[in-house]
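Student: Compact mmCIF, C-alpha atoms and all ligand atoms, file start36.txt:
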```txt
# COMPACT_ATOMS: atom_id res chain seq x y z
CA MET A 27 -14.14 -16.99 -2.98
CA THR A 28 -13.10 -18.21 0.48
CA ALA A 29 -14.94 -17.51 3.73
CA ALA A 30 -12.13 -15.07 4.63
CA GLY A 31 -13.09 -12.76 1.74
CA LEU A 32 -10.20 -13.82 -0.46
CA PRO A 33 -10.19 -15.38 -3.93
CA MET A 34 -9.41 -19.08 -4.30
CA THR A 35 -5.75 -19.54 -5.16
CA VAL A 36 -5.23 -21.17 -8.55
CA PRO A 37 -1.73 -20.47 -9.91
CA ALA A 38 -1.09 -19.89 -13.61
CA PRO A 39 2.19 -20.59 -15.43
CA GLY A 40 4.69 -17.96 -16.51
CA LEU A 41 4.23 -15.50 -13.66
CA PRO A 42 6.69 -14.19 -11.06
CA ALA A 43 6.55 -15.65 -7.52
CA ARG A 44 6.50 -12.19 -5.97
CA VAL A 45 5.43 -8.70 -7.08
CA ARG A 46 6.50 -5.44 -5.45
CA ILE A 47 3.61 -3.00 -5.35
CA HIS A 48 4.64 0.64 -5.63
CA GLU A 49 1.71 2.33 -3.87
CA VAL A 50 0.91 5.76 -5.33
CA GLY A 51 -2.42 6.66 -3.66
CA ALA A 52 -0.99 9.30 -1.35
CA ARG A 53 0.72 11.07 -4.27
CA ASP A 54 -0.97 10.29 -7.59
CA GLY A 55 -4.31 9.86 -5.82
CA LEU A 56 -4.36 12.90 -3.59
CA GLN A 57 -2.70 15.28 -6.09
CA ASN A 58 -5.90 15.05 -8.08
CA GLU A 59 -8.43 15.69 -5.34
CA LYS A 60 -10.45 18.90 -5.61
CA SER A 61 -10.18 19.46 -1.88
CA VAL A 62 -6.89 19.61 -0.06
CA VAL A 63 -6.71 16.69 2.36
CA PRO A 64 -5.45 17.68 5.85
CA THR A 65 -1.81 16.75 6.47
CA GLU A 66 -2.64 14.54 9.47
CA VAL A 67 -5.16 12.57 7.37
CA LYS A 68 -2.49 12.01 4.70
CA ALA A 69 -0.05 10.80 7.37
CA GLU A 70 -2.67 8.44 8.79
CA PHE A 71 -3.39 7.15 5.26
CA VAL A 72 0.30 6.32 4.72
CA ARG A 73 0.56 4.67 8.17
CA ARG A 74 -2.49 2.50 7.44
CA LEU A 75 -1.08 1.53 4.04
CA ALA A 76 2.16 0.47 5.73
CA ALA A 77 0.23 -1.48 8.37
CA ALA A 78 -1.58 -3.31 5.53
CA GLY A 79 1.81 -4.58 4.33
CA LEU A 80 2.79 -2.11 1.59
CA THR A 81 6.53 -1.46 1.67
CA THR A 82 6.94 1.13 -1.09
CA ILE A 83 4.60 4.05 -0.51
CA GLU A 84 5.01 7.19 -2.61
CA ALA A 85 4.42 9.88 -0.03
CA THR A 86 4.24 13.27 -1.76
CA SER A 87 5.89 15.60 -4.32
CA PHE A 88 8.43 18.37 -3.93
CA VAL A 89 7.07 20.30 -6.91
CA HIS A 90 6.09 23.95 -7.15
CA PRO A 91 3.24 24.41 -4.64
CA LYS A 92 1.32 26.58 -7.11
CA TRP A 93 1.40 23.78 -9.70
CA VAL A 94 0.08 21.13 -7.29
CA PRO A 95 -1.49 22.85 -4.26
CA GLN A 96 -2.84 19.52 -2.97
CA LEU A 97 0.73 18.47 -2.09
CA ALA A 98 2.01 21.85 -0.90
CA ASP A 99 2.35 20.46 2.64
CA ALA A 100 5.25 18.10 1.73
CA GLU A 101 7.53 19.73 4.32
CA GLN A 102 4.95 19.19 7.05
CA LEU A 103 3.92 15.67 5.97
CA PHE A 104 7.28 13.98 5.43
CA PRO A 105 8.56 14.30 9.04
CA LEU A 106 5.27 12.83 10.33
CA LEU A 107 6.20 9.57 8.57
CA ASP A 108 9.50 9.14 10.43
CA GLY A 109 8.20 6.39 12.68
CA LEU A 110 7.52 3.92 9.87
CA GLY A 111 11.02 2.48 10.03
CA GLU A 112 13.59 1.28 7.52
CA GLU A 113 11.46 -1.44 5.94
CA VAL A 114 9.01 1.08 4.44
CA ALA A 115 10.42 3.07 1.51
CA LEU A 116 8.84 6.50 0.97
CA PRO A 117 9.70 7.76 -2.52
CA VAL A 118 8.87 11.38 -3.39
CA LEU A 119 8.52 13.16 -6.72
CA VAL A 120 11.22 15.70 -7.53
CA PRO A 121 11.27 17.59 -10.85
CA ASN A 122 14.36 19.76 -10.43
CA GLU A 123 17.26 20.72 -8.16
CA ARG A 124 15.03 22.96 -6.03
CA GLY A 125 12.80 19.94 -5.38
CA LEU A 126 15.84 17.74 -4.67
CA ASP A 127 17.17 20.26 -2.12
CA ARG A 128 13.82 20.19 -0.34
CA ALA A 129 13.65 16.38 -0.36
CA LEU A 130 17.26 15.87 0.79
CA ALA A 131 16.83 18.43 3.58
CA LEU A 132 14.13 16.15 5.02
CA GLY A 133 16.17 12.97 4.61
CA ALA A 134 14.34 11.42 1.62
CA ARG A 135 16.11 8.21 0.49
CA ARG A 136 14.17 7.61 -2.74
CA ILE A 137 13.16 10.14 -5.33
CA ALA A 138 11.42 10.02 -8.69
CA VAL A 139 11.93 12.35 -11.63
CA PHE A 140 9.08 12.39 -14.12
CA GLY A 141 9.58 12.78 -17.85
CA SER A 142 7.22 12.65 -20.78
CA ALA A 143 7.30 10.75 -24.06
CA THR A 144 5.41 13.61 -25.72
CA GLU A 145 6.19 17.30 -26.19
CA THR A 146 2.71 18.55 -25.31
CA PHE A 147 2.62 16.87 -21.92
CA ALA A 148 6.23 17.90 -21.16
CA ALA A 149 5.19 21.51 -21.81
CA ARG A 150 2.01 21.29 -19.75
CA ASN A 151 3.42 19.30 -16.84
CA LEU A 152 6.96 20.65 -16.60
CA ASN A 153 6.97 23.86 -18.65
CA ARG A 154 9.82 22.38 -20.71
CA THR A 155 10.43 20.49 -23.96
CA VAL A 156 11.22 16.78 -23.60
CA ASP A 157 14.95 17.44 -24.01
CA GLU A 158 14.88 20.47 -21.70
CA SER A 159 13.24 18.32 -19.03
CA LEU A 160 15.92 15.66 -19.45
CA ALA A 161 18.53 18.40 -19.02
CA MET A 162 16.66 19.55 -15.88
CA PHE A 163 16.78 15.98 -14.49
CA GLU A 164 20.48 15.42 -15.24
CA PRO A 165 21.93 17.18 -12.16
CA VAL A 166 19.04 15.90 -10.03
CA VAL A 167 19.84 12.27 -10.82
CA ALA A 168 23.61 12.82 -10.54
CA ARG A 169 23.35 14.52 -7.14
CA ALA A 170 20.82 12.01 -5.83
CA LYS A 171 23.00 9.06 -6.87
CA ALA A 172 26.08 10.69 -5.31
CA ALA A 173 24.09 10.95 -2.07
CA GLY A 174 23.16 7.24 -2.27
CA VAL A 175 19.52 8.03 -3.04
CA HIS A 176 17.53 5.59 -5.20
CA VAL A 177 16.12 7.21 -8.36
CA ARG A 178 13.01 6.18 -10.24
CA GLY A 179 12.36 7.68 -13.67
CA TYR A 180 8.71 8.00 -14.56
CA LEU A 181 7.82 8.23 -18.21
CA SER A 182 4.33 9.56 -18.97
CA MET A 183 2.18 9.17 -22.09
CA CYS A 184 3.85 5.89 -23.11
CA PHE A 185 0.76 4.59 -24.93
CA GLY A 186 -1.25 7.62 -26.01
CA ASP A 187 -1.53 11.34 -25.41
CA PRO A 188 -4.75 13.39 -25.20
CA TRP A 189 -3.35 16.12 -27.46
CA GLU A 190 -1.03 14.14 -29.80
CA GLY A 191 -2.95 10.85 -30.09
CA ALA A 192 -1.02 7.62 -30.64
CA VAL A 193 2.55 7.72 -29.38
CA PRO A 194 5.01 5.69 -31.51
CA VAL A 195 6.90 3.00 -29.58
CA ALA A 196 10.25 4.31 -30.92
CA GLN A 197 9.52 7.75 -29.41
CA VAL A 198 8.90 6.15 -25.99
CA VAL A 199 12.04 4.02 -26.26
CA ARG A 200 14.18 7.09 -27.00
CA VAL A 201 13.12 8.92 -23.83
CA ALA A 202 13.19 5.75 -21.71
CA LYS A 203 16.78 5.12 -22.83
CA ALA A 204 17.67 8.73 -22.07
CA LEU A 205 16.28 8.39 -18.52
CA GLU A 206 18.21 5.16 -18.06
CA ASP A 207 21.39 6.81 -19.39
CA LEU A 208 20.99 9.60 -16.81
CA GLY A 209 21.40 6.87 -14.18
CA CYS A 210 17.85 6.11 -13.08
CA ASP A 211 17.76 2.86 -11.11
CA GLU A 212 14.25 2.04 -12.25
CA LEU A 213 11.81 3.18 -14.95
CA SER A 214 8.05 3.37 -14.55
CA LEU A 215 6.10 3.27 -17.80
CA GLY A 216 3.07 5.53 -17.40
CA ASP A 217 -0.20 5.01 -19.22
CA THR A 218 -1.29 8.41 -17.97
CA ILE A 219 -4.70 8.40 -19.67
CA GLY A 220 -5.34 4.65 -19.50
CA VAL A 221 -5.56 3.92 -23.25
CA ALA A 222 -3.13 0.98 -23.44
CA THR A 223 -4.20 -2.55 -24.32
CA PRO A 224 -2.20 -5.73 -23.57
CA GLY A 225 -0.62 -6.21 -27.02
CA HIS A 226 0.69 -2.66 -26.92
CA VAL A 227 2.21 -3.27 -23.47
CA THR A 228 4.00 -6.40 -24.67
CA ALA A 229 5.24 -4.61 -27.81
CA LEU A 230 6.68 -1.70 -25.80
CA LEU A 231 8.39 -4.01 -23.29
CA ALA A 232 9.91 -6.04 -26.14
CA ALA A 233 11.13 -2.86 -27.89
CA LEU A 234 12.72 -1.66 -24.65
CA ASN A 235 14.49 -5.00 -24.20
CA GLU A 236 15.74 -4.79 -27.77
CA ALA A 237 17.12 -1.32 -27.02
CA GLY A 238 19.03 -2.76 -24.05
CA VAL A 239 16.66 -1.84 -21.19
CA PRO A 240 16.29 -4.96 -19.03
CA THR A 241 12.81 -5.96 -17.81
CA GLY A 242 14.13 -6.10 -14.23
CA THR A 243 14.46 -2.31 -14.10
CA ILE A 244 10.98 -1.64 -15.49
CA GLY A 245 7.80 -0.97 -13.51
CA VAL A 246 4.35 -0.37 -14.98
CA HIS A 247 1.96 2.44 -14.06
CA PHE A 248 -1.51 1.99 -15.49
CA HIS A 249 -4.42 4.34 -15.08
CA ASP A 250 -7.75 2.56 -15.42
CA THR A 251 -9.73 4.98 -17.62
CA TYR A 252 -10.87 2.30 -20.08
CA GLY A 253 -10.91 -0.62 -17.60
CA GLN A 254 -7.73 -2.11 -19.08
CA ALA A 255 -5.30 -1.64 -16.20
CA LEU A 256 -5.54 -5.16 -14.81
CA SER A 257 -5.28 -6.85 -18.25
CA ASN A 258 -2.31 -4.66 -19.06
CA THR A 259 -0.70 -5.58 -15.74
CA LEU A 260 -1.14 -9.30 -16.44
CA ALA A 261 0.53 -8.84 -19.85
CA ALA A 262 3.45 -7.07 -18.16
CA LEU A 263 3.77 -9.81 -15.53
CA GLN A 264 3.80 -12.45 -18.26
CA HIS A 265 6.68 -10.51 -19.81
CA GLY A 266 8.63 -10.70 -16.52
CA VAL A 267 7.81 -7.34 -14.91
CA THR A 268 7.74 -7.57 -11.09
CA THR A 269 7.11 -3.94 -10.05
CA VAL A 270 3.55 -2.70 -10.39
CA ASP A 271 2.25 0.76 -9.45
CA ALA A 272 -1.22 0.93 -7.97
CA SER A 273 -3.31 3.29 -5.91
CA ALA A 274 -5.31 2.26 -2.84
CA GLY A 275 -9.00 2.48 -3.59
CA GLY A 276 -8.27 3.48 -7.22
CA LEU A 277 -7.66 7.12 -6.28
CA GLY A 278 -5.86 9.19 -8.82
CA GLY A 279 -5.41 11.07 -12.04
CA CYS A 280 -3.19 13.87 -13.17
CA PRO A 281 -4.03 17.56 -12.79
CA TYR A 282 -2.22 18.32 -16.07
CA ALA A 283 -4.01 15.64 -18.15
CA LYS A 284 -7.73 16.02 -17.56
CA SER A 285 -8.56 12.76 -19.33
CA ALA A 286 -6.58 10.80 -16.73
CA THR A 287 -8.71 8.97 -14.16
CA GLY A 288 -7.66 6.86 -11.20
CA ASN A 289 -4.80 4.41 -11.20
CA LEU A 290 -5.21 0.67 -11.12
CA ALA A 291 -6.74 0.08 -7.67
CA THR A 292 -4.33 -1.71 -5.34
CA GLU A 293 -7.16 -3.90 -4.01
CA ASP A 294 -8.10 -5.05 -7.54
CA LEU A 295 -4.43 -5.89 -8.15
CA VAL A 296 -4.05 -7.76 -4.84
CA TRP A 297 -7.26 -9.70 -5.47
CA MET A 298 -5.86 -10.92 -8.80
CA LEU A 299 -2.38 -11.68 -7.43
CA ASP A 300 -3.77 -13.47 -4.36
CA GLY A 301 -5.88 -15.58 -6.72
CA LEU A 302 -2.81 -16.38 -8.81
CA GLY A 303 -0.76 -17.25 -5.73
CA VAL A 304 1.69 -14.38 -6.42
CA ASP A 305 3.06 -13.01 -3.15
CA THR A 306 2.68 -9.25 -2.43
CA GLY A 307 2.91 -9.19 1.36
CA VAL A 308 -0.32 -7.17 1.44
CA ASP A 309 -3.28 -7.98 3.70
CA LEU A 310 -6.30 -7.40 1.45
CA GLY A 311 -8.74 -6.96 4.36
CA ALA A 312 -6.61 -4.31 6.07
CA LEU A 313 -6.02 -2.53 2.75
CA THR A 314 -9.73 -2.48 1.91
CA ALA A 315 -10.53 -1.10 5.38
CA THR A 316 -7.97 1.67 4.71
CA SER A 317 -9.61 2.62 1.42
CA VAL A 318 -13.07 2.59 3.01
CA TRP A 319 -11.73 4.92 5.70
CA MET A 320 -10.09 7.17 3.08
CA ALA A 321 -13.30 7.27 1.04
CA GLU A 322 -15.10 8.51 4.16
CA GLN A 323 -12.49 11.26 4.56
CA LEU A 324 -13.01 12.28 0.91
CA GLY A 325 -16.78 12.01 1.14
CA ARG A 326 -17.34 9.66 -1.80
CA PRO A 327 -17.14 5.91 -2.44
CA SER A 328 -14.01 4.24 -3.76
CA PRO A 329 -14.12 3.43 -7.49
CA SER A 330 -12.34 0.10 -6.82
CA ARG A 331 -14.56 -2.87 -7.69
CA THR A 332 -12.84 -4.99 -5.04
CA VAL A 333 -13.28 -2.37 -2.32
CA ARG A 334 -16.95 -2.07 -3.21
CA ALA A 335 -17.50 -5.83 -3.26
CA LEU A 336 -15.66 -6.51 0.00
CA SER A 337 -17.23 -3.61 1.88
CA HIS A 338 -20.76 -4.19 0.60
CA LYS A 339 -23.21 -4.66 3.45
CA GLU A 340 -26.61 -6.30 2.96
P1 LIG B 401 8.55 26.66 -13.83
O1 LIG B 401 7.48 27.67 -13.63
O2 LIG B 401 9.14 26.51 -15.18
O3 LIG B 401 9.67 26.86 -12.72
O4 LIG B 401 7.94 25.27 -13.37
P2 LIG B 401 11.05 27.66 -12.80
O5 LIG B 401 12.15 26.66 -12.84
O6 LIG B 401 10.96 28.70 -13.87
O7 LIG B 401 11.04 28.41 -11.39
C1 LIG B 401 10.05 29.40 -11.08
C2 LIG B 401 9.94 29.60 -9.58
O8 LIG B 401 9.45 28.41 -8.99
C3 LIG B 401 11.26 29.90 -8.89
O9 LIG B 401 10.96 30.80 -7.81
C4 LIG B 401 11.69 28.59 -8.32
O10 LIG B 401 12.50 28.68 -7.17
C5 LIG B 401 10.34 27.98 -7.96
P3 LIG B 401 11.35 32.35 -7.89
O11 LIG B 401 12.85 32.33 -8.09
O12 LIG B 401 10.60 32.86 -9.06
O13 LIG B 401 10.88 32.84 -6.56
N1 LIG B 401 10.42 26.51 -7.99
C6 LIG B 401 10.11 25.70 -6.97
N2 LIG B 401 9.62 25.91 -5.74
C7 LIG B 401 9.42 24.84 -4.96
N3 LIG B 401 9.69 23.58 -5.35
C8 LIG B 401 10.17 23.31 -6.56
C9 LIG B 401 10.38 24.41 -7.43
N4 LIG B 401 10.85 24.48 -8.70
C10 LIG B 401 10.87 25.77 -9.03
N5 LIG B 401 10.44 22.04 -6.93
C11 LIG B 401 8.25 23.07 -12.45
C12 LIG B 401 8.70 24.06 -13.49
C13 LIG B 401 8.91 21.74 -12.79
C14 LIG B 401 8.71 23.53 -11.08
C15 LIG B 401 6.70 22.95 -12.50
O14 LIG B 401 6.33 22.71 -13.81
C16 LIG B 401 6.14 21.89 -11.59
O15 LIG B 401 6.22 21.98 -10.37
N6 LIG B 401 5.54 20.84 -12.20
C17 LIG B 401 5.00 19.71 -11.42
C18 LIG B 401 3.79 19.13 -12.11
C19 LIG B 401 3.33 17.90 -11.38
O16 LIG B 401 3.66 17.66 -10.23
N7 LIG B 401 2.52 17.06 -12.07
C20 LIG B 401 1.99 15.83 -11.52
C21 LIG B 401 3.02 14.75 -11.36
S1 LIG B 401 3.36 13.88 -12.87
C22 LIG B 401 2.15 12.63 -12.93
O17 LIG B 401 1.21 12.66 -12.19
C23 LIG B 401 2.34 11.49 -13.91
C24 LIG B 401 2.78 10.19 -13.21
O18 LIG B 401 1.81 9.75 -12.27
C25 LIG B 401 3.01 9.08 -14.27
C26 LIG B 401 1.84 8.92 -15.24
O19 LIG B 401 0.70 8.69 -14.80
O20 LIG B 401 2.10 9.01 -16.44
C27 LIG B 401 4.11 10.37 -12.45
MG MG B 402 0.02 8.63 -12.76
```
Written as structure tokens, that's how I'd like the structure from this file.
Ligand code: HMG
Ligand code: MG
Tutor:
Amino acid sequence: MTAAGLPMTVPAPGLPARVRIHEVGARDGLQNEKSVVPTEVKAEFVRRLAAAGLTTIEATSFVHPKWVPQLADAEQLFPLLDGLGEEVALPVLVPNERGLDRALALGARRIAVFGSATETFAARNLNRTVDESLAMFEPVVARAKAAGVHVRGYLSMCFGDPWEGAVPVAQVVRVAKALEDLGCDELSLGDTIGVATPGHVTALLAALNEAGVPTGTIGVHFHDTYGQALSNTLAALQHGVTTVDASAGGLGGCPYAKSATGNLATEDLVWMLDGLGVDTGVDLGALTATSVWMAEQLGRPSPSRTVRALSHKE
């Protein structure tokens, strides 16, 4: 470790020069908090994330407020983020046309639909079958694309499901292809309950390539339930993936999958990528200070190992 609180840089072969971090703390993190975080605190969180160098910051969700009360203030929050400028993208989750109307009315330029590889999670999270949810997304993606809005397609339960157990790779590939065929610009493979291991990640990426889904359109979204998120990320990077989802301070989970814990912590990811000499544009010190501040707002310490190590005082 250097005196500046950064890892020594020792590059390894076979990795991309740059990784785009898709920061999900304000959405995936805060949707799972027991308490509802005040809107101004959320706005300040996003501003601090942007100041730390993150350029893709998922801001909130335009879902039914009764389903996710923690994000029911989307209409109030989104306009508060106006001042961040063109260089910071603020994607929002949108499940259906009602959500799209709400997002477009506020000028959102990036949306994400969110499908499931399994029937049980589709029913619990979207009140639909897998195919009904794809039908629900179809006009959303078409209208968003016609409006020049970038569309991400999340796919949950890609590696395992708390109710159905192991999820066959072919089942994941079918729904991923369907999301791509709808016109999604990018896919994000969700390990919603954090059960993936690196060989499984490589096998799924290879199967997607074989089915015609290029690695360049794929992002990875690992929850860290079993401590595998960073290893899984490294496997994905070695396969050529350059978009990685992470959550500042390791906040996160999913209210409709109780076994989901926090996402891969952005600080843990940046520590590894800084050490590998992979550029992220993120200032680790400023990001850690943001997560320490957010932990104070939430009244409990960050689960991120890097945040704990860097903020530890003798
Ligand atoms: P539903 O009950 O089937 O809705 O819920 P509906 O279509 O039957 O409509 C019922 C009423 O809700 C109607 O009102 C609609 O207008 C209204 P009424 O006519 O009765 O007065 N409504 C809405 N209101 C506001 N905004 C909307 C909206 N849609 C309908 N967008 C629905 C279906 C999809 C809405 C619901 O299931 C829902 O909101 N689900 C969201 C669940 C969620 O946000 N989960 C967390 C995100 S996913 C995740 O975390 C995983 C991820 O991180 C990846 C990973 O880790 O794997 C992305
Ligand atoms: Mg998630």
Student: If you count all atoms listed in the file, which residues fall within 10 Å of region 334-336 of chain A, apart from same-chain ones fewer than 3 positions away, as an mmCIF file with C-alpha atoms, keeping the file's coordinate frame?
Tutor:
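Saved to out-v6.cif:
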```cif
data_model
loop_
_atom_site.group_PDB
_atom_site.id
_atom_site.type_symbol
_atom_site.label_atom_id
_atom_site.label_comp_id
_atom_site.auth_asym_id
_atom_site.auth_seq_id
_atom_site.Cartn_x
_atom_site.Cartn_y
_atom_site.Cartn_z
ATOM 1 C CA GLY A 31 -13.090 -12.760 1.740
ATOM 2 C CA LEU A 32 -10.200 -13.820 -0.460
ATOM 3 C CA GLY A 275 -9.000 2.480 -3.590
ATOM 4 C CA GLU A 293 -7.160 -3.900 -4.010
ATOM 5 C CA LEU A 310 -6.300 -7.400 1.450
ATOM 6 C CA GLY A 311 -8.740 -6.960 4.360
ATOM 7 C CA THR A 314 -9.730 -2.480 1.910
ATOM 8 C CA ALA A 315 -10.530 -1.100 5.380
ATOM 9 C CA SER A 317 -9.610 2.620 1.420
ATOM 10 C CA VAL A 318 -13.070 2.590 3.010
ATOM 11 C CA PRO A 327 -17.140 5.910 -2.440
ATOM 12 C CA SER A 328 -14.010 4.240 -3.760
ATOM 13 C CA PRO A 329 -14.120 3.430 -7.490
ATOM 14 C CA SER A 330 -12.340 0.100 -6.820
ATOM 15 C CA ARG A 331 -14.560 -2.870 -7.690
ATOM 16 C CA LYS A 339 -23.210 -4.660 3.450
#
```
Student: Could you report the residues within 8 Å of ligand LIG 401 (chain B), using only C-alpha atoms and all ligand atoms, as a ChimeraX atom specification?
Tutor: /A:54,57,87-94,119-126,128,140,142,150-154,180-184,214-219,247-249,279-282,286,289
Student: Store the residues picked out above in a file with C-alpha atoms, as a PDB file, in the frame of the given file.
Tutor:
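Now in again_33.pdb:
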```pdb
ATOM      1  CA  ASP A  54      -0.970  10.290  -7.590  1.00  0.00           C
ATOM      2  CA  GLN A  57      -2.700  15.280  -6.090  1.00  0.00           C
ATOM      3  CA  SER A  87       5.890  15.600  -4.320  1.00  0.00           C
ATOM      4  CA  PHE A  88       8.430  18.370  -3.930  1.00  0.00           C
ATOM      5  CA  VAL A  89       7.070  20.300  -6.910  1.00  0.00           C
ATOM      6  CA  HIS A  90       6.090  23.950  -7.150  1.00  0.00           C
ATOM      7  CA  PRO A  91       3.240  24.410  -4.640  1.00  0.00           C
ATOM      8  CA  LYS A  92       1.320  26.580  -7.110  1.00  0.00           C
ATOM      9  CA  TRP A  93       1.400  23.780  -9.700  1.00  0.00           C
ATOM     10  CA  VAL A  94       0.080  21.130  -7.290  1.00  0.00           C
ATOM     11  CA  LEU A 119       8.520  13.160  -6.720  1.00  0.00           C
ATOM     12  CA  VAL A 120      11.220  15.700  -7.530  1.00  0.00           C
ATOM     13  CA  PRO A 121      11.270  17.590 -10.850  1.00  0.00           C
ATOM     14  CA  ASN A 122      14.360  19.760 -10.430  1.00  0.00           C
ATOM     15  CA  GLU A 123      17.260  20.720  -8.160  1.00  0.00           C
ATOM     16  CA  ARG A 124      15.030  22.960  -6.030  1.00  0.00           C
ATOM     17  CA  GLY A 125      12.800  19.940  -5.380  1.00  0.00           C
ATOM     18  CA  LEU A 126      15.840  17.740  -4.670  1.00  0.00           C
ATOM     19  CA  ARG A 128      13.820  20.190  -0.340  1.00  0.00           C
ATOM     20  CA  PHE A 140       9.080  12.390 -14.120  1.00  0.00           C
ATOM     21  CA  SER A 142       7.220  12.650 -20.780  1.00  0.00           C
ATOM     22  CA  ARG A 150       2.010  21.290 -19.750  1.00  0.00           C
ATOM     23  CA  ASN A 151       3.420  19.300 -16.840  1.00  0.00           C
ATOM     24  CA  LEU A 152       6.960  20.650 -16.600  1.00  0.00           C
ATOM     25  CA  ASN A 153       6.970  23.860 -18.650  1.00  0.00           C
ATOM     26  CA  ARG A 154       9.820  22.380 -20.710  1.00  0.00           C
ATOM     27  CA  TYR A 180       8.710   8.000 -14.560  1.00  0.00           C
ATOM     28  CA  LEU A 181       7.820   8.230 -18.210  1.00  0.00           C
ATOM     29  CA  SER A 182       4.330   9.560 -18.970  1.00  0.00           C
ATOM     30  CA  MET A 183       2.180   9.170 -22.090  1.00  0.00           C
ATOM     31  CA  CYS A 184       3.850   5.890 -23.110  1.00  0.00           C
ATOM     32  CA  SER A 214       8.050   3.370 -14.550  1.00  0.00           C
ATOM     33  CA  LEU A 215       6.100   3.270 -17.800  1.00  0.00           C
ATOM     34  CA  GLY A 216       3.070   5.530 -17.400  1.00  0.00           C
ATOM     35  CA  ASP A 217      -0.200   5.010 -19.220  1.00  0.00           C
ATOM     36  CA  THR A 218      -1.290   8.410 -17.970  1.00  0.00           C
ATOM     37  CA  ILE A 219      -4.700   8.400 -19.670  1.00  0.00           C
ATOM     38  CA  HIS A 247       1.960   2.440 -14.060  1.00  0.00           C
ATOM     39  CA  PHE A 248      -1.510   1.990 -15.490  1.00  0.00           C
ATOM     40  CA  HIS A 249      -4.420   4.340 -15.080  1.00  0.00           C
ATOM     41  CA  GLY A 279      -5.410  11.070 -12.040  1.00  0.00           C
ATOM     42  CA  CYS A 280      -3.190  13.870 -13.170  1.00  0.00           C
ATOM     43  CA  PRO A 281      -4.030  17.560 -12.790  1.00  0.00           C
ATOM     44  CA  TYR A 282      -2.220  18.320 -16.070  1.00  0.00           C
ATOM     45  CA  ALA A 286      -6.580  10.800 -16.730  1.00  0.00           C
ATOM     46  CA  ASN A 289      -4.800   4.410 -11.200  1.00  0.00           C
TER      47      ASN A 289
END
```
Student: List the neighbours of Leu103 (chain A) out to 12 Å using all atoms listed in the file; skip same-chain residues closer than 5 positions along the sequence, and give me the result as a list in words.
Tutor: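 Near neighbours after the sequence-gap exclusion: Ala52, Arg53, Val63, Pro64, Thr65, Glu66, Val67, Lys68, Ala69, Glu70, Phe71, Val72, Arg73, Ala85, Thr86, Ser87, Phe88, Gln96, Leu97, Ala98, Asp108, Leu116, Val118, Ala129 and Leu132 of chain A.
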Student: Considering all atoms listed in the file, state which residue in the set A:Thr316, A:Gln264, A:Thr259, A:Ser61 is at the smallest distance from Leu295 (chain A).
Tutor: A:Thr259
Student: Would you list the contacts of Met34 (chain A) as a count of residues only, taking every protein, DNA or RNA residue within 9 Å and counting all atoms listed in the file, but skipping same-chain residues closer than 6 positions in sequence?
Tutor: 6
Student: Quick check, in Å to one decimal: how far apart do CA of Glu322 (chain A) and CA of Gly276 (chain A) lie?
Tutor: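 Atom-to-atom, CA of Glu322 (chain A) to CA of Gly276 (chain A), that is 14.2 Å.
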Student: With distances taken over all atoms listed in the file, which residue among A:Ala233, A:Ala173, A:Val221, A:Ala168 lies nearest Val199 (chain A)?
Tutor: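 Among the listed residues, A:Ala233 lies closest to Val199 (chain A).
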Student: Fewer than 6 positions away in the same chain doesn't count, so skip those; otherwise give me all residues within 10 Å of Val175 (chain A), counting only C-alpha atoms, as a ChimeraX atom specification.
Tutor: /A:117,130,133-137,167-169,211
Student: Smallest atom-to-atom distance to ligand MG 402 (chain B): which of A:Leu277, A:Cys210, A:Val333, A:Ala78, using all atoms listed in the file?
Tutor: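 Answer, going by the shortest atom-to-atom distance: A:Leu277.
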Student: Can you work out which one of A:Gly209, A:Gly141, A:Gly238, A:Gly79 has the shortest atom-to-atom distance to ligand MG 402 (chain B), counting all atoms listed in the file?
Tutor: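 Once distances to ligand MG 402 (chain B) are computed over all atoms listed in the file, the minimum belongs to A:Gly141.
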Student: CA of Ala143 (chain A) to CA of Gln254 (chain A): how many Å, to one decimal?
Tutor: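 Pair CA of Ala143 (chain A) / CA of Gln254 (chain A) returns 20.4 Å.
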Student: Would you kindly return, as a list in words, each protein, DNA or RNA residue with an atom no farther than 9 Å from any atom of Ala229 (chain A), considering all atoms listed in the file and excluding same-chain residues fewer than 5 positions away?
Tutor: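 The filter keeps Val195, Pro224 and Leu234 of chain A.
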Student: From the list A:Gly186, A:Gly307, A:Gly51, A:Gly266, which residue is nearest ligand MG 402 (chain B) when using all atoms listed in the file?
Tutor: A:Gly51
Student: Nearest to Leu205 (chain A): which of A:Val139, A:Ala237, A:Thr228, A:Glu145 is it, counting only C-alpha atoms?
Tutor: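 Using only C-alpha atoms, the shortest distance to Leu205 (chain A) belongs to A:Val139.
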Student: What does the distance between CA of Asp187 (chain A) and CA of Val62 (chain A) come to in Å, to one decimal place?
Tutor: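 Atom-to-atom, CA of Asp187 (chain A) to CA of Val62 (chain A), that is 27.2 Å.
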